[in-house]
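Data file: upload.csv. Format and content: CSV, C-alpha atoms and all ligand atoms.
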```csv
chain,number,residue,atom,x,y,z
A,322,MET,CA,17.9,16.9,-14.3
A,323,THR,CA,14.5,18.6,-14.5
A,324,GLU,CA,11.7,16.2,-14.1
A,325,ALA,CA,8.7,16.4,-16.5
A,326,ILE,CA,5.8,17.4,-14.3
A,327,PRO,CA,2.5,17.8,-16.3
A,328,SER,CA,1.5,21.4,-16.3
A,329,PHE,CA,-2.2,20.5,-15.5
A,330,LEU,CA,-1.1,18.8,-12.3
A,331,VAL,CA,1.1,21.8,-11.4
A,332,LYS,CA,-1.8,24.3,-11.9
A,333,THR,CA,-4.3,22.1,-10.1
A,334,LEU,CA,-2.0,21.7,-7.1
A,335,ARG,CA,-1.2,25.4,-7.0
A,336,ALA,CA,-4.9,26.3,-7.0
A,337,ALA,CA,-6.0,23.4,-4.7
A,338,ARG,CA,-7.8,24.3,-1.5
A,339,SER,CA,-7.4,20.8,-0.3
A,340,ALA,CA,-5.0,18.0,-1.1
A,341,ALA,CA,-4.4,14.5,0.2
A,342,VAL,CA,-1.2,12.5,0.0
A,343,LEU,CA,-0.8,8.8,0.6
A,344,THR,CA,2.8,7.6,1.1
A,345,GLY,CA,4.3,4.1,1.2
A,346,ALA,CA,7.6,2.5,1.7
A,347,GLY,CA,9.1,4.0,-1.5
A,348,VAL,CA,9.1,7.5,0.0
A,349,SER,CA,11.6,6.3,2.6
A,350,ALA,CA,13.7,4.2,0.2
A,351,GLU,CA,16.1,7.0,-0.4
A,352,SER,CA,16.6,7.3,3.3
A,353,GLY,CA,18.1,3.8,3.2
A,354,LEU,CA,15.0,2.0,4.5
A,355,PRO,CA,14.2,-1.2,2.5
A,356,THR,CA,10.7,-1.4,0.9
A,357,PHE,CA,8.6,-4.6,1.4
A,358,ARG,CA,8.2,-6.2,-2.0
A,359,ASP,CA,11.4,-5.5,-3.9
A,360,ALA,CA,12.4,-9.0,-5.1
A,361,MET,CA,16.1,-8.4,-4.3
A,362,THR,CA,16.3,-5.9,-1.5
A,363,GLY,CA,12.8,-5.8,0.0
A,364,LEU,CA,12.0,-6.8,3.6
A,365,TRP,CA,10.2,-9.8,2.3
A,366,ALA,CA,12.8,-10.9,-0.2
A,367,GLN,CA,14.0,-13.7,2.3
A,368,ARG,CA,10.7,-14.4,4.2
A,369,ARG,CA,7.0,-14.4,3.5
A,370,PRO,CA,4.9,-11.6,5.0
A,371,GLU,CA,2.8,-14.1,6.8
A,372,ASP,CA,6.0,-15.3,8.7
A,373,LEU,CA,6.5,-11.8,10.1
A,374,ALA,CA,3.6,-9.4,9.8
A,375,THR,CA,0.7,-11.4,11.3
A,376,ALA,CA,-0.5,-12.1,14.9
A,377,GLU,CA,-0.2,-15.8,14.0
A,378,ALA,CA,3.5,-15.3,13.2
A,379,PHE,CA,4.0,-13.6,16.6
A,380,ARG,CA,2.2,-16.4,18.4
A,381,ARG,CA,4.3,-19.0,16.6
A,382,ASP,CA,7.7,-17.3,17.0
A,383,PRO,CA,7.5,-14.1,19.1
A,384,ARG,CA,11.3,-13.8,19.3
A,385,LEU,CA,11.8,-13.8,15.5
A,386,VAL,CA,9.1,-11.2,15.0
A,387,TRP,CA,10.2,-9.0,17.9
A,388,GLU,CA,13.9,-9.1,16.7
A,389,TRP,CA,12.8,-8.2,13.1
A,390,TYR,CA,11.0,-5.1,14.3
A,391,ALA,CA,13.9,-4.3,16.7
A,392,TRP,CA,16.2,-4.3,13.7
A,393,ARG,CA,13.9,-2.1,11.7
A,394,ARG,CA,13.4,0.3,14.7
A,395,ALA,CA,17.2,0.7,14.8
A,396,LEU,CA,17.4,1.3,11.0
A,397,ALA,CA,14.7,3.9,11.2
A,398,ALA,CA,16.4,5.7,14.2
A,399,GLN,CA,19.6,6.0,12.2
A,400,ALA,CA,17.9,7.1,9.0
A,401,VAL,CA,17.3,10.8,8.1
A,402,PRO,CA,14.4,12.2,6.1
A,403,ASN,CA,15.2,12.7,2.4
A,404,PRO,CA,14.1,15.4,-0.1
A,405,ALA,CA,10.7,13.7,-0.7
A,406,HIS,CA,9.8,13.9,3.0
A,407,PHE,CA,10.9,17.6,3.1
A,408,ALA,CA,9.0,18.4,-0.1
A,409,LEU,CA,5.8,17.1,1.4
A,410,ALA,CA,6.3,19.1,4.6
A,411,GLU,CA,6.9,22.2,2.5
A,412,MET,CA,3.8,21.5,0.4
A,413,ALA,CA,1.7,21.5,3.5
A,414,ARG,CA,2.7,25.1,4.2
A,415,ARG,CA,1.4,26.1,0.7
A,416,VAL,CA,-1.8,24.2,0.3
A,417,PRO,CA,-4.5,25.5,2.6
A,418,ARG,CA,-5.5,22.0,3.8
A,419,LEU,CA,-3.1,19.1,3.1
A,420,THR,CA,-3.7,15.8,4.7
A,421,LEU,CA,-0.6,13.5,4.8
A,422,ILE,CA,-1.6,9.9,5.2
A,423,THR,CA,1.2,7.3,5.5
A,424,GLN,CA,1.4,3.6,5.6
A,425,ASN,CA,4.9,3.9,6.9
A,426,VAL,CA,5.8,3.2,10.5
A,427,ASP,CA,9.2,4.9,10.5
A,428,GLY,CA,8.3,8.4,11.7
A,429,LEU,CA,10.4,10.1,9.0
A,430,HIS,CA,7.6,12.5,7.9
A,431,GLN,CA,7.3,13.9,11.3
A,432,ARG,CA,11.1,14.3,11.5
A,433,ALA,CA,11.0,16.2,8.3
A,434,GLY,CA,8.6,18.7,9.9
A,435,SER,CA,5.2,17.3,8.8
A,436,TRP,CA,2.5,17.6,11.5
A,437,ASP,CA,-0.8,15.8,12.0
A,438,VAL,CA,0.4,12.8,10.0
A,439,ILE,CA,-2.2,10.1,9.8
A,440,GLU,CA,-0.4,6.8,10.5
A,441,LEU,CA,-2.6,4.1,9.0
A,442,HIS,CA,-0.4,1.2,10.0
A,443,GLY,CA,0.9,2.4,13.4
A,444,SER,CA,4.4,3.3,14.5
A,445,LEU,CA,7.6,1.5,15.3
A,446,SER,CA,8.1,4.0,18.1
A,447,ARG,CA,5.3,2.5,20.3
A,448,VAL,CA,4.8,-1.0,21.7
A,449,LYS,CA,1.7,-2.6,23.1
A,450,CYS,CA,0.7,-5.6,25.1
A,451,PHE,CA,-0.1,-8.5,22.9
A,452,ARG,CA,-2.6,-9.9,25.5
A,453,GLU,CA,-4.4,-6.7,26.5
A,454,ASP,CA,-3.9,-4.6,23.3
A,455,VAL,CA,-2.9,-1.6,25.3
A,456,VAL,CA,0.0,0.7,24.5
A,457,VAL,CA,2.6,0.7,27.2
A,458,GLU,CA,5.4,3.3,27.8
A,459,GLY,CA,8.2,0.9,28.5
A,460,TRP,CA,9.3,-2.3,30.2
A,461,GLY,CA,11.7,-3.6,32.8
A,462,GLU,CA,15.0,-5.1,31.6
A,463,THR,CA,14.4,-8.7,32.5
A,464,GLY,CA,16.2,-10.1,29.5
A,465,ASP,CA,13.0,-11.5,28.0
A,466,VAL,CA,12.7,-11.4,24.2
A,467,PRO,CA,10.1,-10.1,23.6
A,468,PRO,CA,10.0,-8.0,26.8
A,469,ARG,CA,7.0,-8.4,29.2
A,470,CYS,CA,4.2,-6.0,29.8
A,471,PRO,CA,4.8,-4.2,33.1
A,472,ARG,CA,1.0,-4.5,33.9
A,473,CYS,CA,0.1,-8.1,33.1
A,474,GLY,CA,3.3,-9.9,32.1
A,475,GLY,CA,2.1,-10.6,28.6
A,476,PRO,CA,4.5,-10.3,25.7
A,477,LEU,CA,5.0,-6.9,24.1
A,478,ARG,CA,4.6,-6.4,20.4
A,479,PRO,CA,5.2,-3.4,18.1
A,480,ASP,CA,2.1,-1.0,17.8
A,481,VAL,CA,1.8,-1.7,14.1
A,482,VAL,CA,-1.1,-3.1,12.0
A,483,TRP,CA,-0.5,-6.6,10.8
A,484,PHE,CA,-2.5,-8.4,8.1
A,485,GLY,CA,-5.9,-9.4,9.3
A,486,GLU,CA,-6.0,-6.6,11.9
A,487,SER,CA,-8.2,-3.5,11.8
A,488,LEU,CA,-6.6,-0.2,11.1
A,489,PRO,CA,-6.9,2.5,13.9
A,490,PRO,CA,-10.6,3.5,13.3
A,491,GLN,CA,-10.0,7.3,13.7
A,492,ALA,CA,-7.0,7.3,11.3
A,493,LEU,CA,-9.0,5.4,8.7
A,494,GLU,CA,-12.0,7.7,9.0
A,495,GLN,CA,-9.8,10.8,8.7
A,496,ALA,CA,-8.0,9.3,5.7
A,497,THR,CA,-11.2,8.4,4.0
A,498,GLU,CA,-12.7,11.8,4.6
A,499,ALA,CA,-9.6,13.5,3.2
A,500,ALA,CA,-9.7,11.3,0.0
A,501,GLU,CA,-13.4,12.0,-0.5
A,502,HIS,CA,-13.1,15.8,-0.2
A,503,CYS,CA,-9.7,16.7,-1.7
A,504,ASP,CA,-9.1,18.5,-5.0
A,505,VAL,CA,-5.8,16.7,-5.6
A,506,PHE,CA,-4.7,13.2,-4.5
A,507,LEU,CA,-1.1,12.1,-4.7
A,508,SER,CA,0.0,8.5,-4.1
A,509,VAL,CA,3.7,8.3,-3.5
A,510,GLY,CA,6.0,5.3,-3.3
A,511,THR,CA,3.4,2.6,-2.7
A,512,LEU,CA,2.6,-0.5,-4.8
A,513,GLY,CA,-1.1,0.0,-3.9
A,514,LEU,CA,-1.7,-3.6,-3.1
A,515,VAL,CA,-2.6,-3.5,0.6
A,516,GLU,CA,-6.2,-2.7,1.6
A,517,PRO,CA,-7.8,-0.5,2.7
A,518,ALA,CA,-5.1,2.1,2.0
A,519,ALA,CA,-5.0,1.0,-1.7
A,520,SER,CA,-8.7,2.0,-2.2
A,521,LEU,CA,-8.1,5.7,-1.2
A,522,LEU,CA,-6.8,6.6,-4.7
A,523,GLY,CA,-9.9,5.2,-6.5
A,524,LEU,CA,-12.2,6.9,-3.9
A,525,ALA,CA,-10.6,10.3,-4.6
A,526,ALA,CA,-10.8,9.8,-8.3
A,527,ARG,CA,-14.5,8.9,-8.1
A,528,ARG,CA,-15.2,12.0,-6.1
A,529,GLY,CA,-13.6,14.1,-8.9
A,530,ALA,CA,-10.1,14.8,-7.5
A,531,THR,CA,-7.1,15.1,-9.9
A,532,THR,CA,-5.0,12.1,-9.1
A,533,ALA,CA,-1.3,11.4,-9.6
A,534,LEU,CA,1.1,8.5,-8.8
A,535,PHE,CA,4.8,9.1,-8.0
A,536,ASN,CA,6.7,5.8,-8.2
A,537,LEU,CA,9.9,4.4,-9.6
A,538,GLU,CA,7.9,2.3,-12.0
A,539,SER,CA,4.3,1.8,-13.2
A,540,THR,CA,2.1,-0.1,-10.8
A,541,GLY,CA,-1.2,-1.9,-10.9
A,542,GLN,CA,-2.8,1.4,-10.0
A,543,SER,CA,-1.2,3.5,-12.7
A,544,SER,CA,-4.2,3.2,-15.0
A,545,LEU,CA,-6.5,4.5,-12.2
A,546,ALA,CA,-4.6,7.8,-11.9
A,547,ASP,CA,-4.8,10.9,-14.2
A,548,PHE,CA,-1.0,11.2,-14.1
A,549,SER,CA,1.9,8.8,-13.5
A,550,ILE,CA,5.2,10.4,-12.7
A,551,THR,CA,8.0,7.9,-12.9
A,552,GLY,CA,11.3,8.4,-11.0
A,553,PRO,CA,12.6,8.6,-7.4
A,554,ALA,CA,10.3,10.5,-5.2
A,555,GLY,CA,13.3,12.4,-3.8
A,556,ARG,CA,13.6,14.0,-7.2
A,557,THR,CA,10.0,14.1,-8.5
A,558,LEU,CA,8.4,15.6,-5.4
A,559,PRO,CA,10.8,18.5,-5.1
A,560,ALA,CA,10.4,19.0,-8.9
A,561,LEU,CA,6.6,19.3,-8.4
A,562,LEU,CA,7.1,21.7,-5.5
A,563,ARG,CA,9.4,23.9,-7.6
A,564,ALA,CA,7.1,23.8,-10.6
A,565,ALA,CA,4.0,24.8,-8.5
A,566,TRP,CA,5.6,27.6,-6.5
A,567,PRO,CA,8.6,28.7,-8.7
A,568,GLU,CA,8.6,32.2,-7.1
A,569,ASP,CA,9.3,30.7,-3.7
A,570,GLY,CA,13.0,30.2,-3.1
A,571,SER,CA,12.5,28.0,0.0
A,572,ALA,CA,10.6,25.5,-2.2
A,573,ARG,CA,13.9,24.7,-4.0
A,574,GLY,CA,14.7,21.3,-2.3
B,601,LIG,C1,9.7,4.2,-5.0
B,601,LIG,C2,11.0,4.4,-4.6
B,601,LIG,C3,11.4,5.7,-4.7
B,601,LIG,C4,10.7,2.3,-4.3
B,601,LIG,N1,10.6,6.7,-5.2
B,601,LIG,N2,8.8,5.0,-5.4
B,601,LIG,C5,-9.8,-6.5,0.3
B,601,LIG,C6,-9.4,-7.4,-0.7
B,601,LIG,C7,-8.4,-8.3,-0.5
B,601,LIG,C8,-7.7,-8.4,0.7
B,601,LIG,C9,-8.1,-7.5,1.7
B,601,LIG,C10,-9.1,-6.6,1.5
B,601,LIG,N3,-9.3,-5.9,2.6
B,601,LIG,C11,-8.4,-6.3,3.5
B,601,LIG,C12,-7.7,-7.3,3.0
B,601,LIG,C13,-6.6,-8.1,3.7
B,601,LIG,C14,-5.3,-7.4,3.8
B,601,LIG,C15,-4.8,-7.0,2.4
B,601,LIG,O1,-4.8,-5.9,1.9
B,601,LIG,N4,-4.1,-8.0,1.7
B,601,LIG,C16,-3.6,-7.7,0.4
B,601,LIG,C17,-2.2,-8.3,0.4
B,601,LIG,C18,-4.5,-8.2,-0.7
B,601,LIG,N5,-5.5,-6.1,4.5
B,601,LIG,C19,-5.5,-6.2,5.9
B,601,LIG,O2,-5.4,-7.3,6.5
B,601,LIG,C20,-5.6,-4.9,6.6
B,601,LIG,N6,-6.6,-5.0,7.6
B,601,LIG,C21,-7.9,-4.8,7.3
B,601,LIG,O3,-8.3,-4.5,6.2
B,601,LIG,O4,-8.7,-5.1,8.4
B,601,LIG,C22,-10.1,-5.5,8.1
B,601,LIG,C23,-10.1,-6.8,7.4
B,601,LIG,C24,-9.3,-7.8,7.8
B,601,LIG,C25,-9.3,-9.1,7.2
B,601,LIG,C26,-10.1,-9.3,6.0
B,601,LIG,C27,-10.9,-8.2,5.6
B,601,LIG,C28,-10.9,-7.0,6.3
B,601,LIG,C29,-4.3,-4.6,7.4
B,601,LIG,C30,-3.2,-4.3,6.5
B,601,LIG,C31,-1.9,-4.1,7.3
B,601,LIG,C32,-0.7,-4.0,6.4
B,601,LIG,N7,0.5,-4.0,7.3
B,601,LIG,C33,1.8,-3.9,6.7
B,601,LIG,C34,2.8,-4.1,7.9
B,601,LIG,C35,2.8,-2.9,8.8
B,601,LIG,C36,3.9,-2.9,9.8
B,601,LIG,C37,5.2,-3.0,9.2
B,601,LIG,O5,5.7,-2.0,8.7
B,601,LIG,O6,5.8,-4.1,9.4
B,601,LIG,O7,2.0,-2.6,6.2
B,601,LIG,S1,2.1,-4.9,5.3
B,601,LIG,C38,3.1,-3.8,4.4
B,601,LIG,O8,2.5,-3.4,3.2
B,601,LIG,C39,3.1,-2.5,5.3
B,601,LIG,C40,3.0,-1.4,4.3
B,601,LIG,O9,2.6,-0.2,4.9
B,601,LIG,C41,2.1,-2.0,3.3
B,601,LIG,C42,2.1,-1.4,1.9
B,601,LIG,O10,3.4,-1.5,1.3
B,601,LIG,P1,4.0,-0.4,0.4
B,601,LIG,O11,4.2,0.8,1.2
B,601,LIG,O12,3.1,-0.3,-0.8
B,601,LIG,O13,5.4,-1.0,0.0
B,601,LIG,P2,5.9,-1.9,-1.2
B,601,LIG,O14,7.2,-2.4,-0.8
B,601,LIG,O15,4.9,-2.9,-1.6
B,601,LIG,O16,6.0,-0.9,-2.4
B,601,LIG,C43,6.9,0.1,-2.4
B,601,LIG,C44,6.7,0.9,-3.7
B,601,LIG,O17,7.6,2.0,-3.7
B,601,LIG,C45,7.0,0.1,-5.0
B,601,LIG,O18,6.0,0.3,-5.9
B,601,LIG,C46,8.3,0.7,-5.5
B,601,LIG,O19,8.4,0.8,-7.0
B,601,LIG,C47,8.2,2.1,-5.0
B,601,LIG,N8,9.5,2.8,-4.8
B,601,LIG,N9,11.6,3.2,-4.2
B,601,LIG,C48,9.3,6.3,-5.5
B,601,LIG,N10,12.7,6.1,-4.4
```

Could you write out this file's structure as structure tokens?
Amino acid sequence: MTEAIPSFLVKTLRAARSAAVLTGAGVSAESGLPTFRDAMTGLWAQRRPEDLATAEAFRRDPRLVWEWYAWRRALAAQAVPNPAHFALAEMARRVPRLTLITQNVDGLHQRAGSWDVIELHGSLSRVKCFREDVVVEGWGETGDVPPRCPRCGGPLRPDVVWFGESLPPQALEQATEAAEHCDVFLSVGTLGLVEPAASLLGLAARRGATTALFNLESTGQSSLADFSITGPAGRTLPALLRAAWPEDGSARG
């Protein structure tokens, strides 16, 4: 089925010198990775976020939090990028300056061929010492869960950003700069609830960018954007790419 992509968006993207794209869990849903807030299948359908994605939760029950992330790390390792990830990697080859900003920690954009991805919420592929806040390369197999820091013996945690923690300053700065100076801003597969990532769309809009949401359904941010394209990102993003660069056969994802 051909998705209806507004022609103004197509023309603006094709002519853009600079674009920024913010992705969320929905972009990886078609790779089989659960989103967070789906009432039935989401990662938080059974538990509250504050039981799993805060430093307090880790202090209270480090084994539970470590094992939840170990399970997600295994899921991400088995997953493969889907047509939405590939479409964004292709788009970056056509727009002179495209900044890909993700809230995801699964590494699927990089595996689809995107480079210089700004990871606002960290990465499942790294761990850091909970005590010293330093990324470590690995750990000895002592059987501890969570494993221990090889330097100080403190518990290891995933290098992701939990609620109440600051985002990596350089990543946030680069994302903000990209939102402020882009011609087009696309928000893909995110509910747009979690700050400060959620504010990037409004920032881009205020600075005069053309803005579009790609989501399965309308969200609280739909009214902020110039366009709201409803449908699975694995269909709608390849459709946008085909519409903007129809002459290019390799854009036919
Ligand atoms: C599809 C699809 C398909 C499905 N195709 N679409 C200002 C006001 C109020 C509160 C705050 C504020 N500033 C800061 C805060 C506090 C807090 C916050 O935002 N709270 C809100 C809940 C209100 N923010 C923070 O604490 C941040 N830190 C910070 O700001 O530091 C300074 C500070 C601290 C304290 C106070 C004030 C300032 C840190 C936020 C860290 C978020 N971390 C997590 C976990 C990361 C690690 C992990 O992965 O476990 O990040 S929480 C979780 O939410 C994860 C996600 O990246 C993030 C966003 O979720 P996302 O991607 O939007 O997923 P879903 O599931 O919600 O939505 C999926 C969407 O996809 C849906 O819409 C579907 O329809 C759609 N979809 N399939 C297209 N096929």

Self-check item: For Glu501 of chain A: contacts at 10 Å, all atoms listed in the file, fewer than 4 positions along chain excluded, given as a ChimeraX atom specification
Solution: /A:341,495-497,506,521-530

Enumerate, in order of chain and increasing residue number, the residues of chain A with an atom no farther than 7 Å from ligand LIG 601 (chain B), each with its shortest atom pair and distance in Å to one decimal, counting all atoms listed in the file, as CSV.
```
residue,atom,partner,partner_atom,distance
A:Thr344,CA,B:LIG601,O11,6.9
A:Gly345,CA,B:LIG601,O11,3.3
A:Ala346,CA,B:LIG601,O11,3.8
A:Gly347,CA,B:LIG601,O17,3.3
A:Val348,CA,B:LIG601,N1,5.5
A:Ala350,CA,B:LIG601,N9,5.0
A:Glu351,CA,B:LIG601,N10,5.3
A:Thr356,CA,B:LIG601,O14,4.0
A:Phe357,CA,B:LIG601,O14,3.4
A:Arg358,CA,B:LIG601,O14,4.1
A:Asp359,CA,B:LIG601,O14,6.1
A:Gly363,CA,B:LIG601,O14,6.6
A:Ala374,CA,B:LIG601,C34,5.7
A:Gln424,CA,B:LIG601,O9,4.0
A:Asn425,CA,B:LIG601,O9,5.1
A:Val426,CA,B:LIG601,O5,5.5
A:His442,CA,B:LIG601,C35,5.3
A:Val481,CA,B:LIG601,C36,4.9
A:Val482,CA,B:LIG601,C31,4.9
A:Trp483,CA,B:LIG601,N7,4.5
A:Phe484,CA,B:LIG601,O2,3.5
A:Gly485,CA,B:LIG601,O2,3.5
A:Glu486,CA,B:LIG601,N6,4.6
A:Ser487,CA,B:LIG601,O4,3.8
A:Leu488,CA,B:LIG601,N6,5.9
A:Val509,CA,B:LIG601,C48,6.3
A:Gly510,CA,B:LIG601,N2,3.5
A:Thr511,CA,B:LIG601,O12,3.5
A:Leu512,CA,B:LIG601,O18,3.7
A:Gly513,CA,B:LIG601,O12,5.2
A:Leu514,CA,B:LIG601,C16,5.7
A:Val515,CA,B:LIG601,O1,3.5
A:Glu516,CA,B:LIG601,O1,3.5
A:Pro517,CA,B:LIG601,O3,5.3
A:Phe535,CA,B:LIG601,C48,5.9
A:Asn536,CA,B:LIG601,N2,3.6
A:Leu537,CA,B:LIG601,N2,4.4
A:Glu538,CA,B:LIG601,O19,5.2
A:Thr540,CA,B:LIG601,O18,6.3
A:Gly552,CA,B:LIG601,N1,6.1
A:Pro553,CA,B:LIG601,N1,3.5
A:Ala554,CA,B:LIG601,N1,3.8
A:Gly555,CA,B:LIG601,N10,6.4
```

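Shortest atom-to-atom contact with Asp382 of chain A among A:Leu441, A:Ala410, A:Val466, A:Ala397: A:Val466, counting only C-alpha atoms.
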
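The space separating atom CA of Ala336 of chain A from atom CA of Leu561 of chain A comes to 13.5 Å.
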
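Across the model, the gap from atom CA of Pro479 of chain A to atom CA of Trp460 of chain A is 12.8 Å.
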
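Here atom CA of Arg452 of chain A stands at a distance of 8.9 Å from atom CA of Gly474 of chain A.
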
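Within the 10 Å cut-off around Gln399 of chain A, using all atoms listed in the file and omitting residues fewer than 3 positions from it on the same chain, the listed residues are Ser352, Gly353, Leu354, Arg393, Arg394, Ala395 and Leu396 of chain A.
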
Quiz item: Closest to Arg472 of chain A among A:Glu453, A:Glu388, A:Glu411, A:Asp569, using all atoms listed in the file?
Solution: A:Glu453

Practice problem: Using all atoms listed in the file, pick whichever of A:Thr463, A:Ser520, A:Thr362, A:Thr423 has the shortest atom-to-atom distance to Leu343 of chain A. | Solution: A:Thr423

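For the choices A:Ala560, A:Val342, A:Pro490, A:Thr532, the atom-to-atom distance to Asp547 of chain A is smallest for A:Thr532 when using all atoms listed in the file.
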
Quiz item: Which residue, A:Ile422, A:Val505, A:Val455, A:Ile550, has the smallest gap to Ala492 of chain A when you use only C-alpha atoms?
Solution: A:Ile422

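Proximity to Ala337 of chain A was assessed for A:Val416, A:Cys450, A:Ala500, A:Leu534 counting only C-alpha atoms; the smallest distance is recorded for A:Val416.
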
Self-check item: Point (6.7, 16.9, -17.3), cut-off 12 Å, counting only C-alpha atoms, residues as an MDAnalysis selection string
Solution: chainID A and resid 322:331 548:552 557 560:561 564

Counting all atoms listed in the file, note down every residue that has an atom within 12 Å of the point (4.9, 30.2, -7.5) (file coordinates), as a PDB file with C-alpha atoms, in the coordinates of the input.
```pdb
ATOM      1  CA  VAL A 331       1.100  21.800 -11.400  1.00  0.00           C
ATOM      2  CA  LYS A 332      -1.800  24.300 -11.900  1.00  0.00           C
ATOM      3  CA  LEU A 334      -2.000  21.700  -7.100  1.00  0.00           C
ATOM      4  CA  ARG A 335      -1.200  25.400  -7.000  1.00  0.00           C
ATOM      5  CA  ALA A 336      -4.900  26.300  -7.000  1.00  0.00           C
ATOM      6  CA  MET A 412       3.800  21.500   0.400  1.00  0.00           C
ATOM      7  CA  ARG A 415       1.400  26.100   0.700  1.00  0.00           C
ATOM      8  CA  VAL A 416      -1.800  24.200   0.300  1.00  0.00           C
ATOM      9  CA  LEU A 561       6.600  19.300  -8.400  1.00  0.00           C
ATOM     10  CA  LEU A 562       7.100  21.700  -5.500  1.00  0.00           C
ATOM     11  CA  ARG A 563       9.400  23.900  -7.600  1.00  0.00           C
ATOM     12  CA  ALA A 564       7.100  23.800 -10.600  1.00  0.00           C
ATOM     13  CA  ALA A 565       4.000  24.800  -8.500  1.00  0.00           C
ATOM     14  CA  TRP A 566       5.600  27.600  -6.500  1.00  0.00           C
ATOM     15  CA  PRO A 567       8.600  28.700  -8.700  1.00  0.00           C
ATOM     16  CA  GLU A 568       8.600  32.200  -7.100  1.00  0.00           C
ATOM     17  CA  ASP A 569       9.300  30.700  -3.700  1.00  0.00           C
ATOM     18  CA  GLY A 570      13.000  30.200  -3.100  1.00  0.00           C
ATOM     19  CA  SER A 571      12.500  28.000   0.000  1.00  0.00           C
ATOM     20  CA  ALA A 572      10.600  25.500  -2.200  1.00  0.00           C
ATOM     21  CA  ARG A 573      13.900  24.700  -4.000  1.00  0.00           C
TER      22      ARG A 573
END
```
